[in-house]
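Report on the following structure.
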Amino acid sequence: MKYNFDKQIERRGTNSYKWDLPEEGVIPMWVADMDFETAPCIIEALRKRVEHGVFGYTQVPNSYYEAITNWFKRRHNWEIDRSWILYTSGVVPALTASLQALTMQGDKVLIQTPAYNCFFTSIKNCGCEVAETALKRDGNSFVMDFDDFERKCADPKVTVFVLCNPHNPSGRVWNKEELLRINDICAKNGVKIISDEIHCELIMPGYTFTPFASVSDECRDNSIILNSPTKSFNIAGLQIANIICSDQTLRRRIDRALNINEVCDVNPFGVIALQEAYNNGEDWLNELNQYLYNNYKTLKDFFTEYLPKLEVIRLEGTYLVWIDISRIELTADEAAKKLLDNAKVKINSGTMYGRKEGFCYLRINIACTRANLMEGLKRMGRELGIYMEDEDEHGCPM
C-alpha cells in the first residue's frame, strides 16, 4: 500500500477527546474518530497555509463549491447545483439548523433506533419531540420496519424524518429501493427528510452508497442532505460541513437558522482541507477503506475464535461495528463498565443509541492501527471470552 495506516501516532497529551478523556493505559475504541494521519495532500496544504502566518476571516471561494460538485458527480454520480450548498461548522449544527427551518416547537421528529445519540439531543434542543421507529433484526443485519415506519409517518405531528445513511450504529448502507420507499411514505404524509450522510465515503467492499437526493427528482425535492469529509478523512477538528438543499425557499430558512445560531462562518483550515480531500485525496481514501475492511475481518475472525457468544453484525459502511451480546449474562452497560474497569478498553454501550434497542449491543470503533485493534480485542477476549495470555503461540489471528 502507498500509505502506512500501521503507523503508531501518540495522541495522548494532544487534548484528544478520544485518548485523553480515558485514564492512562486505556485502549479507546469508542468515540468516532480515527487514529490515522489524514491524507498527505491535506497535511501539505495546511502546512503551506500555516506558513503564511495570517489567519483572518475567511471567504469561501468558488473552488470550494467546485470541489464538492466534482467529487459527488465523479464518485457518486450525483449532480449538485452550486447554489444548493450551504456551508457550516459541522453536521450536528447543520442538523439543528435544518430542524429549526422545518419544524415548530411541539412537532415530532421521527428517527430509526438504534440511532446516533446526537439526534436525540438536537431534536429536543429544537423544542420537538422524538418519535421512534425501531429497525428490525434480519439475520446478522438490520432492515427497516416499513409497516411501523408508515404508521409513525401518518401521525400528523410528525413533520420530519431524520435518516442516517450509512446508518450509525447498525452499519447498514441503504439501497436505492429502500430509499425510494422511504420517500414514497414520507411524501404521502407530508414529511420532509433530513439525511445525515457524513459516513458516505466509508463503505465496505461489495456495497455502494447512494445519496438520498440522487435517487429521483422527488427524493431530491423532499430532502435536505448533510455531509462532510471530516469522518472520512479524519479532520473533524477542522469543523467543516455542508447542507445541500434544492428548494430555494427552504434553503433561505436554513440559511437564516445558521445565522441565528452563529454557525454561518468557517475557518480557513476546514475550507482548504475539504478542497484537498475532494480534489486529491481519493487514492488515500480508497486505501483507508481497504485497511478498515481488513480490520473488520480481523475482528470477525477473533470473535469467532475467542468470543463465540458475541455476534458481529454485518458491517456495510462506517468503521463502527455493532456487537450483539445477548448470549452473555450482562447488559450493554454492565459489559462496557466491566471492560473499562477490568480490561482497560473503552467502548460504547448500545444504550447510548436507544435504551431498548441498544440494551444488548456494544459499538466498537475499529479505525485504529492493527496493533491497537489486536490489543483491544485480546483484552476483551480475556475479560468476556476464552482468550488466554499464551494464545498467541497457538494461532491468535494477528
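Within each chain, counting starts at residue 1; across the C-alpha cells, chains are named A, B, ... in the order shown, with ligands numbered 1 upward in that order.
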Would you write out, as a Markdown table, a table of all residues in region 39-132 of chain A that have an atom no more than 12 Å from an atom of region 356-371 of chain A, listing for each the closest atom pair and the distance in Å to one decimal, considering only C-alpha atoms and ordering rows by chain and rising residue number?
| residue | atom | partner | partner_atom | distance |
| --- | --- | --- | --- | --- |
| A:Gln112 | CA | A:Glu357 | CA | 10.0 |
| A:Thr113 | CA | A:Glu357 | CA | 6.4 |
| A:Pro114 | CA | A:Glu357 | CA | 5.5 |
| A:Ala115 | CA | A:Glu357 | CA | 9.0 |
| A:Tyr116 | CA | A:Gly358 | CA | 11.1 |
| A:Asn117 | CA | A:Gly358 | CA | 11.2 |
| A:Glu132 | CA | A:Glu357 | CA | 10.5 |
Report as a ChimeraX atom specification all protein, DNA and RNA residues lying within 12 Å of Gly206 (chain A), evaluated on only C-alpha atoms, omitting residues in the same chain fewer than 6 positions from it.
/A:173,289-290,293,315-317
Write the residues you've just listed into a file as a short mmCIF file (atom, residue, chain, number, x, y, z; two decimals), in the first residue's frame, and include N, CA and C atoms for each of them.
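Result file follows (part15.cif):
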data_model
loop_
_atom_site.label_atom_id
_atom_site.label_comp_id
_atom_site.auth_asym_id
_atom_site.auth_seq_id
_atom_site.Cartn_x
_atom_site.Cartn_y
_atom_site.Cartn_z
N VAL A 173 -25.87 0.16 4.84
CA VAL A 173 -25.84 1.12 3.73
C VAL A 173 -27.14 0.92 2.97
N ASN A 289 -10.24 2.60 3.17
CA ASN A 289 -11.36 1.67 3.21
C ASN A 289 -10.90 0.22 3.18
N GLN A 290 -9.85 -0.06 2.43
CA GLN A 290 -9.33 -1.43 2.39
C GLN A 290 -8.73 -1.81 3.75
N TYR A 293 -11.54 -2.48 6.14
CA TYR A 293 -12.15 -3.78 5.84
C TYR A 293 -11.31 -4.91 6.42
N LEU A 315 -21.04 -5.50 8.76
CA LEU A 315 -20.67 -4.11 8.53
C LEU A 315 -20.68 -3.81 7.05
N GLU A 316 -21.55 -2.91 6.63
CA GLU A 316 -21.62 -2.49 5.22
C GLU A 316 -20.97 -1.12 5.02
N GLY A 317 -21.05 -0.28 6.04
CA GLY A 317 -20.47 1.05 5.98
C GLY A 317 -20.16 1.56 7.37
#
Residues flagged alpha helix (DSSP H) by DSSP in region 13-249 of chain A, as a PyMOL selection string
chain A and resi 17-20+40-52+62-76+91-102+117-125+146-153+176-188+217-221+230-233+248-249
Output as a list in words all residues of region 46-130 of chain A that backbone DSSP marks as strand (DSSP E).
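Strand (DSSP E) members of region 46-130 of chain A, listed: Ile85, Leu86, Tyr87, Thr88, Lys108, Val109, Leu110, Ile111, Gln112, Thr113, Glu129 and Val130 of chain A.
The gap separating CA of Gly190 (chain A) from CA of Cys128 (chain A) is 16.9 Å, in Å to one decimal.
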Please determine, counting only C-alpha atoms, which residue among A:Leu180, A:Val26, A:Ile43, A:Leu250 has the shortest atom-to-atom distance to Lys344 (chain A).
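For Lys344 (chain A), the nearest of the given residues is A:Val26.
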Quick one: pull the distance between CA of Glu201 (chain A) and CA of Val92 (chain A), Å, one decimal.
18.0 Å
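The protein and nucleic acid residues lying at most 12 Å from Gly56 (chain A) are Arg49, Val50, Asp265, Val266, Asn267, Pro268 and Phe269 of chain A, with only C-alpha atoms considered and sequence neighbours fewer than 5 positions away removed.
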Writing out the chosen residues with all heavy atoms as an mmCIF file, in the first residue's frame:
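Contents of selection24.cif, as written:
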data_model
loop_
_atom_site.group_PDB
_atom_site.id
_atom_site.type_symbol
_atom_site.label_atom_id
_atom_site.label_comp_id
_atom_site.auth_asym_id
_atom_site.auth_seq_id
_atom_site.Cartn_x
_atom_site.Cartn_y
_atom_site.Cartn_z
ATOM 1 N N ARG A 49 -0.537 26.811 4.392
ATOM 2 C CA ARG A 49 -1.409 27.873 4.911
ATOM 3 C C ARG A 49 -0.883 28.391 6.247
ATOM 4 O O ARG A 49 -0.911 29.609 6.506
ATOM 5 C CB ARG A 49 -2.835 27.331 5.069
ATOM 6 C CG ARG A 49 -3.840 28.376 5.520
ATOM 7 C CD ARG A 49 -4.025 29.454 4.457
ATOM 8 N NE ARG A 49 -4.963 30.497 4.900
ATOM 9 C CZ ARG A 49 -4.617 31.552 5.631
ATOM 10 N NH1 ARG A 49 -3.356 31.690 6.018
ATOM 11 N NH2 ARG A 49 -5.517 32.448 5.980
ATOM 12 N N VAL A 50 -0.393 27.503 7.097
ATOM 13 C CA VAL A 50 0.165 27.916 8.389
ATOM 14 C C VAL A 50 1.392 28.797 8.179
ATOM 15 O O VAL A 50 1.584 29.813 8.876
ATOM 16 C CB VAL A 50 0.512 26.686 9.248
ATOM 17 C CG1 VAL A 50 1.352 27.089 10.462
ATOM 18 C CG2 VAL A 50 -0.757 25.987 9.711
ATOM 19 N N ASP A 265 -20.116 30.846 9.810
ATOM 20 C CA ASP A 265 -18.730 31.100 9.418
ATOM 21 C C ASP A 265 -17.890 29.854 9.648
ATOM 22 O O ASP A 265 -18.146 29.077 10.577
ATOM 23 C CB ASP A 265 -18.141 32.259 10.228
ATOM 24 C CG ASP A 265 -18.789 33.589 9.879
ATOM 25 O OD1 ASP A 265 -19.004 33.837 8.685
ATOM 26 O OD2 ASP A 265 -19.086 34.367 10.813
ATOM 27 N N VAL A 266 -16.868 29.689 8.819
ATOM 28 C CA VAL A 266 -15.972 28.538 8.929
ATOM 29 C C VAL A 266 -14.532 29.025 8.935
ATOM 30 O O VAL A 266 -14.239 30.154 8.525
ATOM 31 C CB VAL A 266 -16.202 27.536 7.780
ATOM 32 C CG1 VAL A 266 -17.534 26.812 7.950
ATOM 33 C CG2 VAL A 266 -16.155 28.214 6.418
ATOM 34 N N ASN A 267 -13.635 28.157 9.387
ATOM 35 C CA ASN A 267 -12.233 28.574 9.496
ATOM 36 C C ASN A 267 -11.455 28.232 8.231
ATOM 37 O O ASN A 267 -11.869 27.358 7.455
ATOM 38 C CB ASN A 267 -11.595 27.947 10.744
ATOM 39 C CG ASN A 267 -11.349 26.467 10.592
ATOM 40 O OD1 ASN A 267 -10.443 26.043 9.867
ATOM 41 N ND2 ASN A 267 -12.140 25.651 11.284
ATOM 42 N N PRO A 268 -10.325 28.900 7.992
ATOM 43 C CA PRO A 268 -9.606 28.688 6.726
ATOM 44 C C PRO A 268 -9.097 27.267 6.555
ATOM 45 O O PRO A 268 -9.017 26.771 5.428
ATOM 46 C CB PRO A 268 -8.438 29.677 6.815
ATOM 47 C CG PRO A 268 -8.286 29.997 8.264
ATOM 48 C CD PRO A 268 -9.670 29.916 8.833
ATOM 49 N N PHE A 269 -8.782 26.591 7.662
ATOM 50 C CA PHE A 269 -8.214 25.247 7.551
ATOM 51 C C PHE A 269 -9.254 24.230 7.074
ATOM 52 O O PHE A 269 -8.949 23.328 6.300
ATOM 53 C CB PHE A 269 -7.613 24.828 8.886
ATOM 54 C CG PHE A 269 -6.565 25.785 9.371
ATOM 55 C CD1 PHE A 269 -6.780 26.577 10.485
ATOM 56 C CD2 PHE A 269 -5.364 25.920 8.691
ATOM 57 C CE1 PHE A 269 -5.824 27.475 10.920
ATOM 58 C CE2 PHE A 269 -4.398 26.813 9.121
ATOM 59 C CZ PHE A 269 -4.630 27.599 10.239
#
Each residue of region 150-176 of chain A lying at most 12 Å from region 309-314 of chain A should get a row with its shortest atom-to-atom pair and the distance in Å to one decimal, counting only C-alpha atoms; could you produce that, ordered by chain and increasing number, as a Markdown table?
| residue | atom | partner | partner_atom | distance |
| --- | --- | --- | --- | --- |
| A:Pro169 | CA | A:Ile313 | CA | 10.1 |
| A:Ser170 | CA | A:Ile313 | CA | 7.4 |
| A:Gly171 | CA | A:Arg314 | CA | 7.1 |
| A:Arg172 | CA | A:Arg314 | CA | 8.0 |
| A:Val173 | CA | A:Arg314 | CA | 10.7 |
Between A:Ser141, A:Cys164, A:Thr208, A:Arg74, which has the minimum distance to Ile323 (chain A) (counting only C-alpha atoms)?
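Nearest to Ile323 (chain A): A:Ser141.
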